[in-house]
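Have a look at protein.cif; it's mmCIF, C-alpha atoms and all ligand atoms:
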```
data_work
#
loop_
_atom_site.group_PDB
_atom_site.id
_atom_site.type_symbol
_atom_site.label_atom_id
_atom_site.label_comp_id
_atom_site.auth_asym_id
_atom_site.auth_seq_id
_atom_site.Cartn_x
_atom_site.Cartn_y
_atom_site.Cartn_z
ATOM 1 C CA MET A 1 -14.031 -1.457 17.886
ATOM 2 C CA ASN A 2 -13.044 0.832 20.684
ATOM 3 C CA GLN A 3 -9.830 2.610 21.622
ATOM 4 C CA GLU A 4 -8.902 0.056 24.269
ATOM 5 C CA LYS A 5 -9.185 -2.865 21.848
ATOM 6 C CA LEU A 6 -7.268 -0.987 19.161
ATOM 7 C CA THR A 7 -4.483 -0.245 21.649
ATOM 8 C CA SER A 8 -4.208 -3.922 22.507
ATOM 9 C CA LEU A 9 -4.087 -4.810 18.769
ATOM 10 C CA LYS A 10 -1.312 -2.221 18.330
ATOM 11 C CA ASN A 11 0.604 -3.782 21.234
ATOM 12 C CA TRP A 12 0.251 -7.224 19.669
ATOM 13 C CA PHE A 13 1.481 -5.895 16.307
ATOM 14 C CA GLY A 14 4.414 -4.100 17.969
ATOM 15 C CA ASP A 15 5.548 -7.300 19.713
ATOM 16 C CA TYR A 16 4.950 -9.468 16.654
ATOM 17 C CA SER A 17 6.871 -7.207 14.254
ATOM 18 C CA ALA A 18 9.691 -6.688 16.800
ATOM 19 C CA SER A 19 10.155 -10.468 16.948
ATOM 20 C CA PHE A 20 11.570 -10.253 13.385
ATOM 21 C CA SER A 21 14.392 -7.894 14.390
ATOM 22 C CA THR A 22 17.757 -9.035 13.098
ATOM 23 C CA PRO A 23 21.409 -7.934 13.484
ATOM 24 C CA VAL A 24 21.802 -8.088 9.675
ATOM 25 C CA LYS A 25 21.671 -4.417 8.674
ATOM 26 C CA GLU A 26 20.181 -4.840 5.208
ATOM 27 C CA ASP A 27 17.452 -7.179 6.489
ATOM 28 C CA GLN A 28 16.626 -4.859 9.392
ATOM 29 C CA ARG A 29 16.262 -1.973 6.934
ATOM 30 C CA ASN A 30 13.639 -3.951 5.014
ATOM 31 C CA ILE A 31 11.798 -4.855 8.240
ATOM 32 C CA ASP A 32 11.925 -1.219 9.432
ATOM 33 C CA ILE A 33 10.495 0.012 6.177
ATOM 34 C CA LYS A 34 7.411 -2.178 6.678
ATOM 35 C CA ARG A 35 6.951 -1.028 10.279
ATOM 36 C CA ASP A 36 7.161 2.606 9.137
ATOM 37 C CA HIS A 37 4.849 1.836 6.202
ATOM 38 C CA THR A 38 2.279 0.350 8.596
ATOM 39 C CA ARG A 39 2.348 3.456 10.784
ATOM 40 C CA GLU A 40 1.855 5.761 7.792
ATOM 41 C CA VAL A 41 -0.911 3.595 6.291
ATOM 42 C CA CYS A 42 -2.725 3.825 9.637
ATOM 43 C CA LEU A 43 -2.487 7.636 9.452
ATOM 44 C CA ASN A 44 -3.791 7.568 5.873
ATOM 45 C CA THR A 45 -6.737 5.352 6.876
ATOM 46 C CA LEU A 46 -7.613 7.826 9.636
ATOM 47 C CA ARG A 47 -7.524 10.756 7.253
ATOM 48 C CA ILE A 48 -9.730 9.028 4.663
ATOM 49 C CA ALA A 49 -12.154 7.735 7.322
ATOM 50 C CA ARG A 50 -12.537 11.261 8.726
ATOM 51 C CA ASP A 51 -13.038 12.761 5.270
ATOM 52 C CA LEU A 52 -15.733 10.134 4.662
ATOM 53 C CA ARG A 53 -17.293 11.166 7.997
ATOM 54 C CA MET A 54 -17.208 7.615 9.303
ATOM 55 C CA ASN A 55 -18.356 7.212 12.877
ATOM 56 C CA GLY A 56 -15.811 6.753 15.673
ATOM 57 C CA GLU A 57 -16.040 2.948 15.837
ATOM 58 C CA ASP A 58 -15.667 2.481 12.090
ATOM 59 C CA THR A 59 -12.744 4.913 12.035
ATOM 60 C CA LEU A 60 -10.952 2.746 14.612
ATOM 61 C CA LEU A 61 -11.831 -0.368 12.622
ATOM 62 C CA ALA A 62 -10.314 1.211 9.498
ATOM 63 C CA GLU A 63 -7.155 1.932 11.490
ATOM 64 C CA ALA A 64 -6.998 -1.697 12.686
ATOM 65 C CA ILE A 65 -7.175 -2.841 9.048
ATOM 66 C CA GLY A 66 -4.331 -0.452 8.194
ATOM 67 C CA LEU A 67 -2.373 -1.888 11.123
ATOM 68 C CA PHE A 68 -2.706 -5.463 9.877
ATOM 69 C CA HIS A 69 -2.798 -5.090 6.096
ATOM 70 C CA ASP A 70 0.906 -5.978 5.667
ATOM 71 C CA VAL A 71 1.367 -8.217 8.704
ATOM 72 C CA GLY A 72 2.319 -11.003 6.264
ATOM 73 C CA ARG A 73 5.359 -9.047 5.047
ATOM 74 C CA PHE A 74 7.466 -9.977 8.069
ATOM 75 C CA ARG A 75 7.259 -13.736 7.630
ATOM 76 C CA GLN A 76 7.482 -13.303 3.854
ATOM 77 C CA TYR A 77 10.763 -11.418 4.204
ATOM 78 C CA GLN A 78 12.152 -13.719 6.862
ATOM 79 C CA THR A 79 11.467 -16.804 4.740
ATOM 80 C CA TYR A 80 12.142 -15.536 1.216
ATOM 81 C CA LYS A 81 14.174 -12.314 1.662
ATOM 82 C CA THR A 82 11.950 -10.530 -0.849
ATOM 83 C CA PHE A 83 8.751 -8.471 -1.041
ATOM 84 C CA ASP A 84 8.059 -9.799 -4.541
ATOM 85 C CA ASP A 85 4.947 -11.964 -4.208
ATOM 86 C CA SER A 86 5.443 -13.476 -7.669
ATOM 87 C CA ILE A 87 8.624 -15.289 -6.576
ATOM 88 C CA SER A 88 7.568 -16.025 -2.993
ATOM 89 C CA VAL A 89 4.057 -16.013 -1.552
ATOM 90 C CA ASN A 90 0.950 -13.815 -1.620
ATOM 91 C CA HIS A 91 1.702 -11.609 1.400
ATOM 92 C CA ALA A 92 -1.975 -10.665 1.882
ATOM 93 C CA THR A 93 -3.248 -14.223 2.298
ATOM 94 C CA LEU A 94 -0.164 -14.968 4.394
ATOM 95 C CA GLY A 95 -1.117 -11.984 6.593
ATOM 96 C CA ALA A 96 -4.626 -13.358 7.104
ATOM 97 C CA SER A 97 -3.102 -16.720 8.110
ATOM 98 C CA VAL A 98 -0.756 -15.003 10.572
ATOM 99 C CA LEU A 99 -3.708 -13.260 12.251
ATOM 100 C CA LEU A 100 -5.714 -16.493 12.451
ATOM 101 C CA GLU A 101 -2.833 -18.720 13.615
ATOM 102 C CA ASN A 102 -1.925 -16.283 16.386
ATOM 103 C CA ASN A 103 -5.553 -15.665 17.302
ATOM 104 C CA ALA A 104 -4.683 -11.958 17.201
ATOM 105 C CA LEU A 105 -8.340 -10.915 16.757
ATOM 106 C CA ARG A 106 -9.693 -13.041 19.639
ATOM 107 C CA ASP A 107 -11.179 -10.105 21.571
ATOM 108 C CA LEU A 108 -13.240 -8.806 18.633
ATOM 109 C CA PRO A 109 -16.781 -9.777 17.628
ATOM 110 C CA GLN A 110 -16.979 -12.241 14.722
ATOM 111 C CA GLN A 111 -18.284 -9.575 12.330
ATOM 112 C CA GLU A 112 -15.214 -7.384 12.905
ATOM 113 C CA ARG A 113 -12.854 -10.340 12.649
ATOM 114 C CA ASP A 114 -14.353 -11.244 9.267
ATOM 115 C CA LEU A 115 -14.154 -7.667 8.048
ATOM 116 C CA ILE A 116 -10.471 -7.371 9.003
ATOM 117 C CA ILE A 117 -9.538 -10.751 7.491
ATOM 118 C CA HIS A 118 -11.361 -9.980 4.229
ATOM 119 C CA SER A 119 -9.914 -6.469 3.933
ATOM 120 C CA VAL A 120 -6.374 -7.721 4.594
ATOM 121 C CA THR A 121 -6.825 -10.491 2.019
ATOM 122 C CA LEU A 122 -8.230 -8.090 -0.607
ATOM 123 C CA HIS A 123 -5.776 -5.245 -0.059
ATOM 124 C CA ASN A 124 -3.401 -6.298 -2.858
ATOM 125 C CA VAL A 125 -5.665 -7.924 -5.481
ATOM 126 C CA PHE A 126 -5.470 -6.318 -8.925
ATOM 127 C CA SER A 127 -9.198 -5.557 -8.872
ATOM 128 C CA LEU A 128 -11.821 -6.278 -6.232
ATOM 129 C CA PRO A 129 -13.892 -9.400 -6.936
ATOM 130 C CA GLU A 130 -17.685 -9.508 -6.863
ATOM 131 C CA GLY A 131 -19.553 -11.213 -4.086
ATOM 132 C CA PHE A 132 -18.598 -9.116 -1.090
ATOM 133 C CA ASP A 133 -21.085 -6.950 0.792
ATOM 134 C CA MET A 134 -20.886 -3.141 0.546
ATOM 135 C CA ARG A 135 -19.425 -2.736 4.011
ATOM 136 C CA THR A 136 -16.526 -5.113 3.331
ATOM 137 C CA LEU A 137 -15.898 -3.397 -0.006
ATOM 138 C CA LEU A 138 -15.876 0.026 1.664
ATOM 139 C CA PHE A 139 -13.155 -0.984 4.126
ATOM 140 C CA ALA A 140 -11.204 -2.874 1.461
ATOM 141 C CA ARG A 141 -11.272 0.211 -0.795
ATOM 142 C CA LEU A 142 -10.220 2.406 2.078
ATOM 143 C CA VAL A 143 -7.145 0.364 2.975
ATOM 144 C CA ARG A 144 -6.222 -0.090 -0.699
ATOM 145 C CA ASP A 145 -6.103 3.710 -1.099
ATOM 146 C CA ALA A 146 -4.239 4.241 2.175
ATOM 147 C CA ASP A 147 -1.701 1.604 1.135
ATOM 148 C CA LYS A 148 -1.127 2.923 -2.402
ATOM 149 C CA LEU A 149 -0.670 6.456 -1.068
ATOM 150 C CA ASP A 150 2.054 5.341 1.280
ATOM 151 C CA ILE A 151 3.759 3.105 -1.284
ATOM 152 C CA LEU A 152 4.112 6.274 -3.372
ATOM 153 C CA ARG A 153 5.923 7.900 -0.432
ATOM 154 C CA VAL A 154 8.141 4.833 0.098
ATOM 155 C CA VAL A 155 9.101 4.640 -3.577
ATOM 156 C CA ILE A 156 9.835 8.373 -3.858
ATOM 157 C CA GLU A 157 11.988 8.255 -0.715
ATOM 158 C CA TYR A 158 13.746 5.122 -1.973
ATOM 159 C CA PHE A 159 14.866 6.863 -5.140
ATOM 160 C CA GLY A 160 15.954 9.923 -3.155
ATOM 161 C CA GLN A 161 18.428 7.878 -1.110
ATOM 162 C CA ALA A 162 22.023 6.926 -1.860
ATOM 163 C CA ALA A 163 22.272 3.373 -3.236
ATOM 164 C CA GLY A 164 23.977 1.992 -0.103
ATOM 165 C CA ASN A 165 21.232 3.227 2.228
ATOM 166 C CA ARG A 166 18.241 1.897 0.314
ATOM 167 C CA ALA A 167 15.927 -0.836 1.545
ATOM 168 C CA GLU A 168 16.613 -2.874 -1.574
ATOM 169 C CA ALA A 169 13.541 -5.125 -1.362
ATOM 170 C CA VAL A 170 11.364 -2.070 -2.185
ATOM 171 C CA ALA A 171 12.265 -2.065 -5.879
ATOM 172 C CA LEU A 172 11.610 -5.795 -6.452
ATOM 173 C CA GLY A 173 15.125 -6.340 -7.854
ATOM 174 C CA LEU A 174 14.416 -4.485 -11.131
ATOM 175 C CA PRO A 175 17.437 -3.179 -13.105
ATOM 176 C CA ASP A 176 18.167 0.565 -13.074
ATOM 177 C CA SER A 177 18.590 0.720 -16.853
ATOM 178 C CA PRO A 178 17.532 3.828 -18.808
ATOM 179 C CA GLY A 179 14.670 2.271 -20.817
ATOM 180 C CA TYR A 180 11.016 1.644 -20.123
ATOM 181 C CA SER A 181 8.435 -0.774 -21.402
ATOM 182 C CA PRO A 182 6.025 0.429 -24.137
ATOM 183 C CA GLU A 183 3.325 -1.744 -22.561
ATOM 184 C CA VAL A 184 3.514 0.028 -19.174
ATOM 185 C CA LEU A 185 3.509 3.433 -20.847
ATOM 186 C CA ALA A 186 0.534 2.380 -23.029
ATOM 187 C CA CYS A 187 -1.423 1.422 -19.891
ATOM 188 C CA LEU A 188 -0.780 4.851 -18.462
ATOM 189 C CA ALA A 189 -1.935 6.503 -21.694
ATOM 190 C CA ARG A 190 -5.099 4.365 -21.761
ATOM 191 C CA GLY A 191 -5.963 5.311 -18.185
ATOM 192 C CA GLU A 192 -5.404 1.779 -16.932
ATOM 193 C CA MET A 193 -3.454 0.265 -14.120
ATOM 194 C CA ALA A 194 -0.318 -1.559 -15.226
ATOM 195 C CA ARG A 195 0.511 -5.044 -13.979
ATOM 196 C CA LYS A 196 3.612 -5.879 -11.983
ATOM 197 C CA SER A 197 4.325 -8.701 -14.440
ATOM 198 C CA ASP A 198 4.870 -6.094 -17.204
ATOM 199 C CA LEU A 199 7.690 -4.337 -15.362
ATOM 200 C CA THR A 200 11.158 -4.575 -16.898
ATOM 201 C CA THR A 201 13.096 -1.647 -15.377
ATOM 202 C CA LEU A 202 12.956 0.755 -12.429
ATOM 203 C CA ASN A 203 11.426 3.345 -14.778
ATOM 204 C CA ASP A 204 8.517 0.943 -15.336
ATOM 205 C CA PHE A 205 8.172 0.663 -11.587
ATOM 206 C CA LYS A 206 7.847 4.464 -11.327
ATOM 207 C CA LEU A 207 5.310 4.492 -14.182
ATOM 208 C CA LEU A 208 3.340 1.776 -12.374
ATOM 209 C CA GLN A 209 3.097 4.033 -9.321
ATOM 210 C CA LEU A 210 1.576 6.737 -11.524
ATOM 211 C CA ALA A 211 -0.841 4.244 -13.087
ATOM 212 C CA TRP A 212 -2.023 3.275 -9.599
ATOM 213 C CA LEU A 213 -3.567 6.728 -9.282
ATOM 214 C CA TYR A 214 -6.281 5.524 -11.682
ATOM 215 C CA ASP A 215 -7.310 2.974 -9.094
ATOM 216 C CA LEU A 216 -7.742 5.354 -6.139
ATOM 217 C CA ASN A 217 -11.300 5.241 -4.832
ATOM 218 C CA PHE A 218 -11.819 8.379 -2.779
ATOM 219 C CA ALA A 219 -11.501 12.104 -3.453
ATOM 220 C CA SER A 220 -9.729 12.320 -0.103
ATOM 221 C CA SER A 221 -6.919 10.132 -1.498
ATOM 222 C CA LEU A 222 -6.607 12.201 -4.673
ATOM 223 C CA ARG A 223 -6.357 15.369 -2.583
ATOM 224 C CA MET A 224 -3.482 13.803 -0.649
ATOM 225 C CA VAL A 225 -1.725 12.996 -3.952
ATOM 226 C CA LEU A 226 -1.830 16.682 -4.881
ATOM 227 C CA GLU A 227 -0.968 17.982 -1.394
ATOM 228 C CA ARG A 228 2.069 15.712 -1.239
ATOM 229 C CA GLN A 229 3.095 16.498 -4.843
ATOM 230 C CA TYR A 230 3.515 12.824 -5.673
ATOM 231 C CA ILE A 231 2.958 13.322 -9.425
ATOM 232 C CA ASP A 232 5.647 16.015 -9.700
ATOM 233 C CA LYS A 233 8.093 14.044 -7.585
ATOM 234 C CA LEU A 234 7.692 10.894 -9.687
ATOM 235 C CA ALA A 235 7.839 12.896 -12.926
ATOM 236 C CA GLU A 236 11.198 14.364 -11.857
ATOM 237 C CA MET A 237 12.599 10.853 -11.487
ATOM 238 C CA LEU A 238 11.532 9.670 -14.941
ATOM 239 C CA PRO A 239 13.292 10.163 -18.298
ATOM 240 C CA GLY A 240 12.176 13.479 -19.856
ATOM 241 C CA THR A 241 10.962 12.049 -23.177
ATOM 242 C CA ASP A 242 7.910 13.555 -24.851
ATOM 243 C CA GLU A 243 5.859 10.378 -24.498
ATOM 244 C CA ILE A 244 6.533 10.196 -20.764
ATOM 245 C CA LYS A 245 5.752 13.903 -20.312
ATOM 246 C CA GLN A 246 2.449 13.378 -22.152
ATOM 247 C CA ALA A 247 1.553 10.370 -20.015
ATOM 248 C CA VAL A 248 2.325 12.312 -16.815
ATOM 249 C CA GLU A 249 0.084 15.163 -17.957
ATOM 250 C CA LEU A 250 -2.728 12.686 -18.675
ATOM 251 C CA VAL A 251 -2.506 11.362 -15.113
ATOM 252 C CA ARG A 252 -2.467 14.895 -13.740
ATOM 253 C CA ALA A 253 -5.530 15.835 -15.809
ATOM 254 C CA TYR A 254 -7.297 12.695 -14.591
ATOM 255 C CA VAL A 255 -6.662 13.524 -10.913
ATOM 256 C CA ASN A 256 -7.722 17.169 -11.358
ATOM 257 C CA GLY A 257 -10.811 16.130 -13.315
ATOM 258 C CA ARG A 258 -11.959 13.656 -10.692
ATOM 259 C CA LEU A 259 -11.482 16.221 -7.954
ATOM 260 C CA ARG A 260 -13.499 18.804 -9.871
ATOM 261 C CA ALA A 261 -16.291 16.267 -10.299
ATOM 262 C CA SER A 262 -16.310 15.266 -6.613
HETATM 263 FE FE FE A 301 0.671 -5.019 1.049
#
```

Take the structure I supplied and represent it as structure tokens, if you would.
Ligand SMILES: [Fe+2]
Amino acid sequence: MNQEKLTSLKNWFGDYSASFSTPVKEDQRNIDIKRDHTREVCLNTLRIARDLRMNGEDTLLAEAIGLFHDVGRFRQYQTYKTFDDSISVNHATLGASVLLENNALRDLPQQERDLIIHSVTLHNVFSLPEGFDMRTLLFARLVRDADKLDILRVVIEYFGQAAGNRAEAVALGLPDSPGYSPEVLACLARGEMARKSDLTTLNDFKLLQLAWLYDLNFASSLRMVLERQYIDKLAEMLPGTDEIKQAVELVRAYVNGRLRAS
């Protein structure tokens, strides 16, 4: 990958995503949020790649994967008006199909095309499967971290906005009721990632974001979590019960512990 090729991929993505523009305000808000998310994920990939001391070509390749990781979101939203894969389509495999159907990677060597397609496809799986080579896994892990970090930002901003201005597809249509699921909280306490299928309320959705921190791969990503105060910001938005406070402190101790060990 070189800068010229990356620029042409960015131009393709800009045109492709702009083709989904719509006069319907609520729909445009959901499209905009994915364009902004893509830009921020690219910045996160760059930061992680630099912290890992990747060479220049691989750093650009990581950015290209960030650029395309959610390319399936646009057609998903246009067709189903949701970002919830469980009631529509797997947006990662859809993204890989979009890239292949449009021949968007035509100017890249086969090895890079494969790496991008695999990383896009793997970016949202619950856990990475066996059978991939170390290089593919490295880039898949990198984009998974970059993505989770920015979803934290999106979710925190979502809850900071007035109800009428929110990009409603972000919260997967969950009810804003005061409770939370014991199963999601138990996952957090066990140091495990929760599953989207366990979510019952918006509080569960916030707890899921915290549980995602257990799945971050790189110290660089954990440092960004602390710099950006994501744990504190999510904690402020959750009910102040003792069990939630305890779970939040467990996550904080986990992040600090991993950083000390790195
Ligand atoms: Fe995604």

For ligand FE 301 (chain A), list the contacting residues at 7 Å or closer, counting all atoms listed in the file, as JSON, numbers by chain. {"A": [69, 70, 91, 92, 123, 124]}

Those residues you just picked out, can you put them in a file as an mmCIF file, keeping the file's coordinate frame with C-alpha atoms?
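Okay, result.cif is ready:
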```
data_model
loop_
_atom_site.group_PDB
_atom_site.id
_atom_site.type_symbol
_atom_site.label_atom_id
_atom_site.label_comp_id
_atom_site.auth_asym_id
_atom_site.auth_seq_id
_atom_site.Cartn_x
_atom_site.Cartn_y
_atom_site.Cartn_z
ATOM 1 C CA HIS A 69 -2.798 -5.090 6.096
ATOM 2 C CA ASP A 70 0.906 -5.978 5.667
ATOM 3 C CA HIS A 91 1.702 -11.609 1.400
ATOM 4 C CA ALA A 92 -1.975 -10.665 1.882
ATOM 5 C CA HIS A 123 -5.776 -5.245 -0.059
ATOM 6 C CA ASN A 124 -3.401 -6.298 -2.858
#
```

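For Leu188 (chain A), the non-local neighbours within 8 Å, defined as residues at least 3 positions apart in the same chain or in other chains and counting all atoms listed in the file, are Val184, Leu185, Gly191, Glu192, Met193, Ala194, Leu207, Leu208, Leu210, Ala211, Ala247 and Val251 of chain A.
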
Restricting to only C-alpha atoms, whichever of A:Arg135, A:Lys10, A:Arg252, A:Arg50 is closest to Arg35 (chain A) is A:Lys10

TODO: Report the residues retrieved by the PyMOL selection byres (((chain A and resi 74) around 8) and not hetatm) from the displayed file, expressed as JSON, numbers by chain.
DONE: {"A": [17, 20, 31, 34, 71, 72, 73, 75, 76, 77, 78]}

Report, as lines of an AutoDock Vina configuration file, the centre and edge lengths in Å (one decimal) of the axis-aligned box enclosing every listed atom of region 103-121 of chain A, padded by 4 Å on each side.
```
center_x = -11.5
center_y = -11.1
center_z = 11.8
size_x = 21.6
size_y = 17.2
size_z = 27.6
```

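Shortest atom-to-atom contact with Trp212 (chain A) among A:Lys245, A:Phe126, A:Asp27, A:Glu227: A:Phe126, counting only C-alpha atoms.
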
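Residue nearest Glu40 (chain A), chosen from A:Val154, A:Phe13, A:Leu174, A:Ala219 and counting all atoms listed in the file: A:Val154.
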
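Every protein, DNA or RNA residue with an atom at most 9 Å from Leu172 (chain A), where only C-alpha atoms count and chain neighbours fewer than 5 positions away do not, is listed here: Thr82, Phe83, Asp84, Leu202 and Phe205 of chain A.
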
- Message: Please determine, counting only C-alpha atoms, which residue among A:Ile117, A:Leu149, A:Leu128, A:Ile156 has the shortest atom-to-atom distance to Asn103 (chain A).
- Response: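 Ranking A:Ile117, A:Leu149, A:Leu128, A:Ile156 by distance to Asn103 (chain A), first place goes to A:Ile117.
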
- prompt: Restricting the calculation to only C-alpha atoms, which member of A:Glu63, A:Glu236, A:Asp51, A:Glu183 is positioned closest to Phe159 (chain A)?
  reply: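 Closest candidate: A:Glu236.
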
(message) I'd like the neighbourhood of Ala49 (chain A) as a ChimeraX atom specification, where a residue qualifies if any of its atoms comes within 9 Å (using only C-alpha atoms), though same-chain residues fewer than 5 positions away should be ignored.
(response) /A:44,54-55,58-60,62-63,142

Resulting file, chosen residues, C-alpha atoms, as a PDB file, keeping the file's coordinate frame:
```
ATOM      1  CA  ASN A  44      -3.791   7.568   5.873  1.00  0.00           C
ATOM      2  CA  MET A  54     -17.208   7.615   9.303  1.00  0.00           C
ATOM      3  CA  ASN A  55     -18.356   7.212  12.877  1.00  0.00           C
ATOM      4  CA  ASP A  58     -15.667   2.481  12.090  1.00  0.00           C
ATOM      5  CA  THR A  59     -12.744   4.913  12.035  1.00  0.00           C
ATOM      6  CA  LEU A  60     -10.952   2.746  14.612  1.00  0.00           C
ATOM      7  CA  ALA A  62     -10.314   1.211   9.498  1.00  0.00           C
ATOM      8  CA  GLU A  63      -7.155   1.932  11.490  1.00  0.00           C
ATOM      9  CA  LEU A 142     -10.220   2.406   2.078  1.00  0.00           C
TER      10      LEU A 142
END
```

Nearby residues (all atoms listed in the file) at most 12 Å from Asp176 (chain A), same-chain spacing under 6 positions excluded, as a VMD selection string = chain A and resid 159 163 199 to 206 237 to 239

Env of Leu100 (chain A): 12 Å cut, atoms = all atoms listed in the file, seq-sep filter 5 positions within chain, self excluded. Answer as a PDB file with C-alpha atoms, in the frame of the given file.
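Just written: around-v7.pdb:
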```pdb
ATOM      1  CA  PHE A  68      -2.706  -5.463   9.877  1.00  0.00           C
ATOM      2  CA  VAL A  71       1.367  -8.217   8.704  1.00  0.00           C
ATOM      3  CA  GLY A  72       2.319 -11.003   6.264  1.00  0.00           C
ATOM      4  CA  THR A  93      -3.248 -14.223   2.298  1.00  0.00           C
ATOM      5  CA  LEU A  94      -0.164 -14.968   4.394  1.00  0.00           C
ATOM      6  CA  GLY A  95      -1.117 -11.984   6.593  1.00  0.00           C
ATOM      7  CA  LEU A 105      -8.340 -10.915  16.757  1.00  0.00           C
ATOM      8  CA  ARG A 106      -9.693 -13.041  19.639  1.00  0.00           C
ATOM      9  CA  ARG A 113     -12.854 -10.340  12.649  1.00  0.00           C
ATOM     10  CA  ASP A 114     -14.353 -11.244   9.267  1.00  0.00           C
ATOM     11  CA  ILE A 116     -10.471  -7.371   9.003  1.00  0.00           C
ATOM     12  CA  ILE A 117      -9.538 -10.751   7.491  1.00  0.00           C
ATOM     13  CA  HIS A 118     -11.361  -9.980   4.229  1.00  0.00           C
ATOM     14  CA  VAL A 120      -6.374  -7.721   4.594  1.00  0.00           C
TER      15      VAL A 120
END
```

message = Using all atoms listed in the file, can you tell me which of A:Leu108, A:Leu115, A:Ile151, A:Ala235 comes closest to Met1 (chain A)?
response =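 Closest to Met1 (chain A), using all atoms listed in the file: A:Leu108.
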
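The interatomic distance for the pair CA of Glu26 (chain A) and CA of Gly160 (chain A) works out to 17.5 Å.
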
Correct to one decimal, the distance CA of Val155 (chain A)-CA of Pro175 (chain A) is 14.9 Å

Take region 63-76 of chain A, model N, CA and C atoms, and hand the result over as an mmCIF file, in the coordinates of the input.
```cif
data_model
loop_
_atom_site.group_PDB
_atom_site.id
_atom_site.type_symbol
_atom_site.label_atom_id
_atom_site.label_comp_id
_atom_site.auth_asym_id
_atom_site.auth_seq_id
_atom_site.Cartn_x
_atom_site.Cartn_y
_atom_site.Cartn_z
ATOM 1 N N GLU A 63 -8.547 1.850 11.047
ATOM 2 C CA GLU A 63 -7.155 1.932 11.490
ATOM 3 C C GLU A 63 -6.605 0.533 11.789
ATOM 4 N N ALA A 64 -7.441 -0.323 12.385
ATOM 5 C CA ALA A 64 -6.998 -1.697 12.686
ATOM 6 C C ALA A 64 -6.676 -2.448 11.388
ATOM 7 N N ILE A 65 -7.439 -2.188 10.334
ATOM 8 C CA ILE A 65 -7.175 -2.841 9.048
ATOM 9 C C ILE A 65 -5.849 -2.319 8.479
ATOM 10 N N GLY A 66 -5.619 -1.017 8.612
ATOM 11 C CA GLY A 66 -4.331 -0.452 8.194
ATOM 12 C C GLY A 66 -3.183 -1.103 8.969
ATOM 13 N N LEU A 67 -3.401 -1.293 10.258
ATOM 14 C CA LEU A 67 -2.373 -1.888 11.123
ATOM 15 C C LEU A 67 -1.977 -3.288 10.642
ATOM 16 N N PHE A 68 -2.960 -4.058 10.202
ATOM 17 C CA PHE A 68 -2.706 -5.463 9.877
ATOM 18 C C PHE A 68 -2.540 -5.751 8.388
ATOM 19 N N HIS A 69 -2.731 -4.751 7.520
ATOM 20 C CA HIS A 69 -2.798 -5.090 6.096
ATOM 21 C C HIS A 69 -1.528 -5.788 5.602
ATOM 22 N N ASP A 70 -0.355 -5.393 6.134
ATOM 23 C CA ASP A 70 0.906 -5.978 5.667
ATOM 24 C C ASP A 70 1.558 -6.871 6.720
ATOM 25 N N VAL A 71 0.766 -7.412 7.634
ATOM 26 C CA VAL A 71 1.367 -8.217 8.704
ATOM 27 C C VAL A 71 2.070 -9.461 8.132
ATOM 28 N N GLY A 72 1.672 -9.859 6.904
ATOM 29 C CA GLY A 72 2.319 -11.003 6.264
ATOM 30 C C GLY A 72 3.714 -10.705 5.735
ATOM 31 N N ARG A 73 4.058 -9.410 5.618
ATOM 32 C CA ARG A 73 5.359 -9.047 5.047
ATOM 33 C C ARG A 73 6.533 -9.553 5.881
ATOM 34 N N PHE A 74 6.332 -9.628 7.199
ATOM 35 C CA PHE A 74 7.466 -9.977 8.069
ATOM 36 C C PHE A 74 7.898 -11.434 7.856
ATOM 37 N N ARG A 75 6.897 -12.330 7.864
ATOM 38 C CA ARG A 75 7.259 -13.736 7.630
ATOM 39 C C ARG A 75 7.700 -13.932 6.182
ATOM 40 N N GLN A 76 7.072 -13.203 5.256
ATOM 41 C CA GLN A 76 7.482 -13.303 3.854
ATOM 42 C C GLN A 76 8.965 -12.947 3.716
#
```
